[in-house]
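**Q** Provided below: query07.tsv, containing TSV, N, CA and C atoms.
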```tsv
chain	number	residue	atom	x	y	z
A	750	MET	N	110.10	93.69	99.51
A	750	MET	CA	108.75	93.98	99.97
A	750	MET	C	108.78	95.32	100.71
A	751	SER	N	107.80	96.15	100.44
A	751	SER	CA	107.75	97.47	101.06
A	751	SER	C	107.11	97.39	102.45
A	752	VAL	N	107.27	98.45	103.20
A	752	VAL	CA	106.65	98.54	104.53
A	752	VAL	C	105.14	98.39	104.41
A	753	LEU	N	104.54	98.98	103.37
A	753	LEU	CA	103.09	98.86	103.20
A	753	LEU	C	102.68	97.43	102.90
A	754	ASN	N	103.46	96.73	102.08
A	754	ASN	CA	103.16	95.31	101.82
A	754	ASN	C	103.28	94.48	103.08
A	755	GLU	N	104.30	94.76	103.87
A	755	GLU	CA	104.47	94.03	105.13
A	755	GLU	C	103.32	94.32	106.09
A	756	LEU	N	102.92	95.58	106.17
A	756	LEU	CA	101.80	95.95	107.03
A	756	LEU	C	100.52	95.27	106.56
A	757	GLU	N	100.32	95.22	105.25
A	757	GLU	CA	99.14	94.53	104.72
A	757	GLU	C	99.13	93.07	105.17
A	758	GLN	N	100.28	92.42	105.14
A	758	GLN	CA	100.34	91.01	105.55
A	758	GLN	C	100.00	90.86	107.03
A	759	VAL	N	100.47	91.76	107.86
A	759	VAL	CA	100.14	91.73	109.28
A	759	VAL	C	98.63	91.90	109.47
A	760	ILE	N	98.05	92.87	108.76
A	760	ILE	CA	96.61	93.11	108.86
A	760	ILE	C	95.84	91.87	108.44
A	761	LEU	N	96.22	91.27	107.32
A	761	LEU	CA	95.53	90.07	106.86
A	761	LEU	C	95.66	88.92	107.86
A	762	SER	N	96.80	88.85	108.53
A	762	SER	CA	96.98	87.78	109.52
A	762	SER	C	96.10	87.99	110.75
A	763	ARG	N	95.60	89.20	110.94
A	763	ARG	CA	94.74	89.50	112.08
A	763	ARG	C	93.27	89.21	111.80
A	764	LYS	N	92.93	88.96	110.54
A	764	LYS	CA	91.53	88.61	110.22
A	764	LYS	C	91.18	87.34	110.98
A	765	GLY	N	90.13	87.39	111.73
A	765	GLY	CA	89.71	86.22	112.50
A	765	GLY	C	90.44	86.04	113.81
A	766	ALA	N	91.41	86.92	114.10
A	766	ALA	CA	92.12	86.82	115.38
A	766	ALA	C	91.21	87.31	116.50
A	767	ASP	N	91.62	87.12	117.71
A	767	ASP	CA	90.84	87.52	118.88
A	767	ASP	C	90.82	89.04	118.99
A	768	PRO	N	89.63	89.65	118.90
A	768	PRO	CA	89.53	91.11	119.01
A	768	PRO	C	89.99	91.66	120.36
A	769	GLU	N	90.08	90.82	121.36
A	769	GLU	CA	90.55	91.26	122.68
A	769	GLU	C	92.07	91.41	122.73
A	770	THR	N	92.76	90.85	121.74
A	770	THR	CA	94.23	90.89	121.76
A	770	THR	C	94.84	91.71	120.62
A	771	SER	N	94.00	92.22	119.71
A	771	SER	CA	94.53	92.92	118.55
A	771	SER	C	93.58	94.05	118.15
A	772	TRP	N	94.13	95.27	118.07
A	772	TRP	CA	93.34	96.42	117.61
A	772	TRP	C	92.84	96.18	116.19
A	773	THR	N	93.70	95.62	115.34
A	773	THR	CA	93.32	95.35	113.96
A	773	THR	C	92.17	94.35	113.91
A	774	ALA	N	92.28	93.28	114.69
A	774	ALA	CA	91.20	92.28	114.73
A	774	ALA	C	89.91	92.91	115.24
A	775	LYS	N	90.03	93.80	116.21
A	775	LYS	CA	88.85	94.48	116.75
A	775	LYS	C	88.17	95.32	115.67
A	776	LEU	N	88.97	96.08	114.92
A	776	LEU	CA	88.40	96.89	113.83
A	776	LEU	C	87.73	96.00	112.78
A	777	LEU	N	88.43	94.97	112.36
A	777	LEU	CA	87.89	94.09	111.32
A	777	LEU	C	86.62	93.38	111.79
A	778	ALA	N	86.56	93.02	113.07
A	778	ALA	CA	85.38	92.35	113.61
A	778	ALA	C	84.15	93.26	113.60
A	779	LYS	N	84.39	94.57	113.63
A	779	LYS	CA	83.27	95.53	113.61
A	779	LYS	C	82.69	95.72	112.22
A	780	GLY	N	83.37	95.18	111.21
A	780	GLY	CA	82.85	95.22	109.85
A	780	GLY	C	83.43	96.32	108.99
A	781	PRO	N	83.23	96.18	107.67
A	781	PRO	CA	83.79	97.14	106.71
A	781	PRO	C	83.31	98.57	106.91
A	782	GLU	N	82.07	98.74	107.34
A	782	GLU	CA	81.55	100.10	107.52
A	782	GLU	C	82.32	100.82	108.62
A	783	LYS	N	82.57	100.14	109.73
A	783	LYS	CA	83.32	100.75	110.84
A	783	LYS	C	84.76	101.02	110.41
A	784	CYS	N	85.34	100.12	109.63
A	784	CYS	CA	86.70	100.34	109.13
A	784	CYS	C	86.75	101.58	108.24
A	785	ALA	N	85.74	101.76	107.41
A	785	ALA	CA	85.67	102.94	106.55
A	785	ALA	C	85.48	104.20	107.38
A	786	GLU	N	84.63	104.12	108.40
A	786	GLU	CA	84.41	105.27	109.28
A	786	GLU	C	85.71	105.68	109.98
A	787	LYS	N	86.45	104.71	110.46
A	787	LYS	CA	87.71	104.99	111.16
A	787	LYS	C	88.73	105.61	110.19
A	788	PHE	N	88.77	105.10	108.96
A	788	PHE	CA	89.64	105.68	107.93
A	788	PHE	C	89.28	107.16	107.73
A	789	GLY	N	88.00	107.45	107.62
A	789	GLY	CA	87.54	108.82	107.43
A	789	GLY	C	87.95	109.72	108.58
A	790	GLU	N	87.82	109.23	109.81
A	790	GLU	CA	88.22	110.01	110.98
A	790	GLU	C	89.71	110.36	110.91
A	791	GLU	N	90.52	109.37	110.56
A	791	GLU	CA	91.96	109.59	110.48
A	791	GLU	C	92.31	110.56	109.34
A	792	ALA	N	91.58	110.46	108.23
A	792	ALA	CA	91.83	111.38	107.11
A	792	ALA	C	91.53	112.82	107.53
A	793	VAL	N	90.43	113.01	108.27
A	793	VAL	CA	90.09	114.36	108.73
A	793	VAL	C	91.18	114.89	109.66
A	794	GLU	N	91.70	114.04	110.55
A	794	GLU	CA	92.78	114.47	111.44
A	794	GLU	C	94.02	114.87	110.65
A	795	ALA	N	94.31	114.15	109.58
A	795	ALA	CA	95.46	114.51	108.73
A	795	ALA	C	95.20	115.84	108.02
A	796	ILE	N	93.98	116.05	107.57
A	796	ILE	CA	93.64	117.31	106.91
A	796	ILE	C	93.83	118.48	107.87
A	797	ILE	N	93.36	118.31	109.09
A	797	ILE	CA	93.49	119.37	110.09
A	797	ILE	C	94.97	119.69	110.34
A	798	ALA	N	95.78	118.66	110.46
A	798	ALA	CA	97.22	118.88	110.68
A	798	ALA	C	97.84	119.61	109.49
A	799	ALA	N	97.40	119.26	108.27
A	799	ALA	CA	97.93	119.92	107.08
A	799	ALA	C	97.53	121.39	107.05
A	800	VAL	N	96.27	121.67	107.36
A	800	VAL	CA	95.79	123.05	107.37
A	800	VAL	C	96.53	123.88	108.40
A	801	LYS	N	96.84	123.27	109.54
A	801	LYS	CA	97.56	123.98	110.60
A	801	LYS	C	99.05	124.05	110.35
A	802	ASN	N	99.51	123.44	109.25
A	802	ASN	CA	100.94	123.39	108.92
A	802	ASN	C	101.75	122.75	110.06
A	803	ASP	N	101.17	121.71	110.65
A	803	ASP	CA	101.81	120.98	111.75
A	803	ASP	C	102.48	119.74	111.16
A	804	ARG	N	103.71	119.92	110.71
A	804	ARG	CA	104.44	118.87	110.00
A	804	ARG	C	104.56	117.59	110.82
A	805	GLU	N	104.91	117.71	112.08
A	805	GLU	CA	105.09	116.53	112.93
A	805	GLU	C	103.78	115.75	113.08
A	806	ASN	N	102.71	116.47	113.37
A	806	ASN	CA	101.42	115.79	113.54
A	806	ASN	C	100.90	115.25	112.21
A	807	LEU	N	101.15	115.97	111.12
A	807	LEU	CA	100.73	115.47	109.81
A	807	LEU	C	101.44	114.16	109.48
A	808	THR	N	102.70	114.07	109.81
A	808	THR	CA	103.44	112.83	109.58
A	808	THR	C	102.81	111.68	110.36
A	809	TYR	N	102.52	111.93	111.63
A	809	TYR	CA	101.89	110.93	112.50
A	809	TYR	C	100.52	110.52	111.96
A	810	GLU	N	99.70	111.52	111.62
A	810	GLU	CA	98.34	111.25	111.13
A	810	GLU	C	98.36	110.57	109.77
A	811	ALA	N	99.33	110.92	108.92
A	811	ALA	CA	99.43	110.27	107.61
A	811	ALA	C	99.72	108.78	107.77
A	812	ALA	N	100.55	108.43	108.76
A	812	ALA	CA	100.80	107.01	109.04
A	812	ALA	C	99.51	106.33	109.47
A	813	ASP	N	98.72	107.00	110.31
A	813	ASP	CA	97.42	106.45	110.72
A	813	ASP	C	96.50	106.26	109.52
A	814	VAL	N	96.50	107.24	108.61
A	814	VAL	CA	95.66	107.15	107.41
A	814	VAL	C	96.05	105.93	106.58
A	815	LEU	N	97.34	105.74	106.36
A	815	LEU	CA	97.78	104.59	105.56
A	815	LEU	C	97.41	103.27	106.22
A	816	TYR	N	97.62	103.18	107.53
A	816	TYR	CA	97.25	101.96	108.25
A	816	TYR	C	95.75	101.69	108.13
A	817	HIS	N	94.94	102.70	108.40
A	817	HIS	CA	93.49	102.50	108.39
A	817	HIS	C	92.97	102.28	106.97
A	818	MET	N	93.66	102.84	105.96
A	818	MET	CA	93.28	102.55	104.59
A	818	MET	C	93.49	101.06	104.29
A	819	LEU	N	94.63	100.53	104.75
A	819	LEU	CA	94.90	99.12	104.52
A	819	LEU	C	93.90	98.23	105.25
A	820	VAL	N	93.50	98.63	106.45
A	820	VAL	CA	92.48	97.86	107.18
A	820	VAL	C	91.16	97.90	106.41
A	821	MET	N	90.79	99.08	105.92
A	821	MET	CA	89.55	99.22	105.15
A	821	MET	C	89.59	98.36	103.89
A	822	LEU	N	90.72	98.38	103.19
A	822	LEU	CA	90.86	97.55	102.00
A	822	LEU	C	90.75	96.07	102.34
A	823	ALA	N	91.39	95.66	103.43
A	823	ALA	CA	91.33	94.25	103.85
A	823	ALA	C	89.90	93.85	104.20
A	824	ALA	N	89.17	94.77	104.81
A	824	ALA	CA	87.78	94.48	105.19
A	824	ALA	C	86.91	94.22	103.97
A	825	ARG	N	87.29	94.77	102.83
A	825	ARG	CA	86.54	94.57	101.58
A	825	ARG	C	87.28	93.68	100.59
A	826	ASP	N	88.33	92.98	101.07
A	826	ASP	CA	89.09	92.04	100.25
A	826	ASP	C	89.68	92.69	98.99
A	827	VAL	N	90.19	93.91	99.15
A	827	VAL	CA	90.89	94.59	98.06
A	827	VAL	C	92.37	94.56	98.41
A	828	ALA	N	93.17	93.99	97.52
A	828	ALA	CA	94.60	93.85	97.77
A	828	ALA	C	95.34	95.16	97.49
A	829	LEU	N	96.34	95.44	98.30
A	829	LEU	CA	97.19	96.61	98.07
A	829	LEU	C	97.78	96.56	96.67
A	830	ASP	N	98.19	95.40	96.20
A	830	ASP	CA	98.77	95.29	94.86
A	830	ASP	C	97.78	95.74	93.79
A	831	ASP	N	96.48	95.51	94.00
A	831	ASP	CA	95.49	95.99	93.03
A	831	ASP	C	95.48	97.51	92.99
A	832	VAL	N	95.59	98.15	94.14
A	832	VAL	CA	95.63	99.61	94.20
A	832	VAL	C	96.92	100.12	93.54
A	833	LEU	N	98.03	99.45	93.85
A	833	LEU	CA	99.31	99.86	93.25
A	833	LEU	C	99.30	99.66	91.74
A	834	ASP	N	98.67	98.59	91.27
A	834	ASP	CA	98.54	98.38	89.82
A	834	ASP	C	97.73	99.49	89.17
A	835	GLU	N	96.68	99.93	89.86
A	835	GLU	CA	95.87	101.03	89.32
A	835	GLU	C	96.70	102.32	89.26
A	836	LEU	N	97.48	102.57	90.29
A	836	LEU	CA	98.37	103.75	90.25
A	836	LEU	C	99.37	103.64	89.10
A	837	ALA	N	99.92	102.45	88.91
A	837	ALA	CA	100.88	102.25	87.82
A	837	ALA	C	100.20	102.48	86.47
A	838	ARG	N	98.96	102.04	86.33
A	838	ARG	CA	98.23	102.23	85.09
A	838	ARG	C	98.06	103.72	84.79
A	839	ARG	N	97.85	104.50	85.82
A	839	ARG	CA	97.63	105.94	85.66
A	839	ARG	C	98.92	106.73	85.46
A	840	GLN	N	100.05	106.11	85.77
A	840	GLN	CA	101.33	106.82	85.69
A	840	GLN	C	101.56	107.34	84.28
A	841	GLY	N	101.92	108.59	84.20
A	841	GLY	CA	102.18	109.20	82.91
A	841	GLY	C	100.95	109.82	82.27
A	842	LEU	N	99.77	109.57	82.83
A	842	LEU	CA	98.55	110.21	82.34
A	842	LEU	C	98.34	111.52	83.08
A	843	SER	N	97.83	112.51	82.39
A	843	SER	CA	97.47	113.72	83.12
A	843	SER	C	96.22	113.40	83.92
A	844	GLY	N	96.08	114.05	85.06
A	844	GLY	CA	94.89	113.83	85.89
A	844	GLY	C	93.62	114.18	85.14
A	845	ILE	N	93.68	115.19	84.30
A	845	ILE	CA	92.51	115.60	83.53
A	845	ILE	C	92.14	114.51	82.52
A	846	ALA	N	93.12	113.97	81.83
A	846	ALA	CA	92.85	112.91	80.84
A	846	ALA	C	92.35	111.65	81.51
A	847	GLU	N	92.94	111.32	82.68
A	847	GLU	CA	92.52	110.10	83.39
A	847	GLU	C	91.08	110.24	83.84
A	848	LYS	N	90.73	111.38	84.38
A	848	LYS	CA	89.35	111.59	84.85
A	848	LYS	C	88.38	111.54	83.67
A	849	ALA	N	88.74	112.10	82.55
A	849	ALA	CA	87.87	112.10	81.36
A	849	ALA	C	87.67	110.68	80.84
A	850	SER	N	88.66	109.80	81.03
A	850	SER	CA	88.54	108.43	80.53
A	850	SER	C	87.55	107.61	81.33
A	851	ARG	N	87.15	108.09	82.50
A	851	ARG	CA	86.20	107.35	83.33
A	851	ARG	C	84.76	107.52	82.87
A	852	SER	N	84.48	108.57	82.12
A	852	SER	CA	83.07	108.81	81.74
A	852	SER	C	82.66	108.12	80.47
```
I'd like the structure from this file rewritten - as structure tokens, please.

**A**
Amino acid sequence: MSVLNELEQVILSRKGADPETSWTAKLLAKGPEKCAEKFGEEAVEAIIAAVKNDRENLTYEAADVLYHMLVMLAARDVALDDVLDELARRQGLSGIAEKASRS
């Protein structure tokens, strides 16, 4: 099991937990929209770190992005394995061909 799979399990275990004792439970209790907003904030922070060529901060912010992405997915009942399966499906396809197949 990967670190991301383990983190997903922790996040899922926090669904319905006391928001006063868990940051994850607090985010999930605020609803999917707030989880998506928080993901967006973290993504912007990662972008800023990348633009500034701040490797250390980008590493930190990228971890935040991955965590908040998993919270957002959990808030909408999308499993990490479904996302990984979609990535596997795209493996070996050119990005241009994959995008064209969507229309």

**Q** Residues within 7 Å of Ala795 in chain A, please, as a list in words. Count all atoms listed in the file; anything in the same chain fewer than 2 positions from it doesn't count.

**A**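 My list of contacting residues is Glu790, Glu791, Ala792, Val793, Ile797, Ala798, Ala799, Val800, Asn806, Leu807, Glu810 and Ala811 of chain A.
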
**Q** Which one of A:Asn754, A:Thr770, A:Ser762, A:Thr808 sits closest to Asp830 in chain A if you count only N, CA and C atoms?

**A** A:Asn754

**Q** Mind pulling up the distance from atom N of Lys848 in chain A to atom C of His817 in chain A?

**A**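 Separating atom C of His817 in chain A from atom N of Lys848 in chain A is a distance of 24.5 Å.
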
**Q** Could you tell me how far atom N of Cys784 in chain A lies from atom N of Leu836 in chain A, in Å and to one decimal?

**A** 23.0 Å

**Q** So, with only C-alpha atoms as the atoms that count, which of A:Leu753, A:Ala846, A:Asp831, A:Val820 lies closest to Pro781 in chain A?

**A**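 Selected residue with least distance to Pro781 in chain A: A:Val820.
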
**Q** Skip Arg763 in chain A itself and residues of its chain fewer than 3 positions away, then list as a short mmCIF file (atom, residue, chain, number, x, y, z; two decimals) with N, CA and C atoms, keeping the file's coordinate frame all residues within 6 Å of it, counting only N, CA and C atoms.

**A**
```
data_model
loop_
_atom_site.label_atom_id
_atom_site.label_comp_id
_atom_site.auth_asym_id
_atom_site.auth_seq_id
_atom_site.Cartn_x
_atom_site.Cartn_y
_atom_site.Cartn_z
N VAL A 759 100.47 91.76 107.86
CA VAL A 759 100.14 91.73 109.28
C VAL A 759 98.63 91.90 109.47
N ILE A 760 98.05 92.87 108.76
CA ILE A 760 96.61 93.11 108.86
C ILE A 760 95.84 91.87 108.44
N ALA A 766 91.41 86.92 114.10
CA ALA A 766 92.12 86.82 115.38
C ALA A 766 91.21 87.31 116.50
N THR A 773 93.70 95.62 115.34
CA THR A 773 93.32 95.35 113.96
C THR A 773 92.17 94.35 113.91
N ALA A 774 92.28 93.28 114.69
CA ALA A 774 91.20 92.28 114.73
C ALA A 774 89.91 92.91 115.24
#
```

**Q** What is the CA of Ile796 in chain A to atom N of Ala812 in chain A distance in Å?

**A**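 These two atoms are separated by 11.4 Å.
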
**Q** DSSP on the backbone: which residues in range 753-852 of chain A end up as alpha helix (DSSP H)? Give the answer as an NGL selection string.

**A** :A and (753-763 or 772-778 or 781-800 or 804-824 or 829-839 or 844-850)

**Q** Around all the atoms of range 824-828 of chain A listed in the file, draw an axis-aligned box and extend it by 6 Å on each of the six sides; I want its centre and edge lengths in Å to one decimal, as AutoDock Vina command-line options.

**A**
```
--center_x 90.9 --center_y 93.6 --center_z 101.3 --size_x 20.8 --size_y 15.1 --size_z 19.7
```
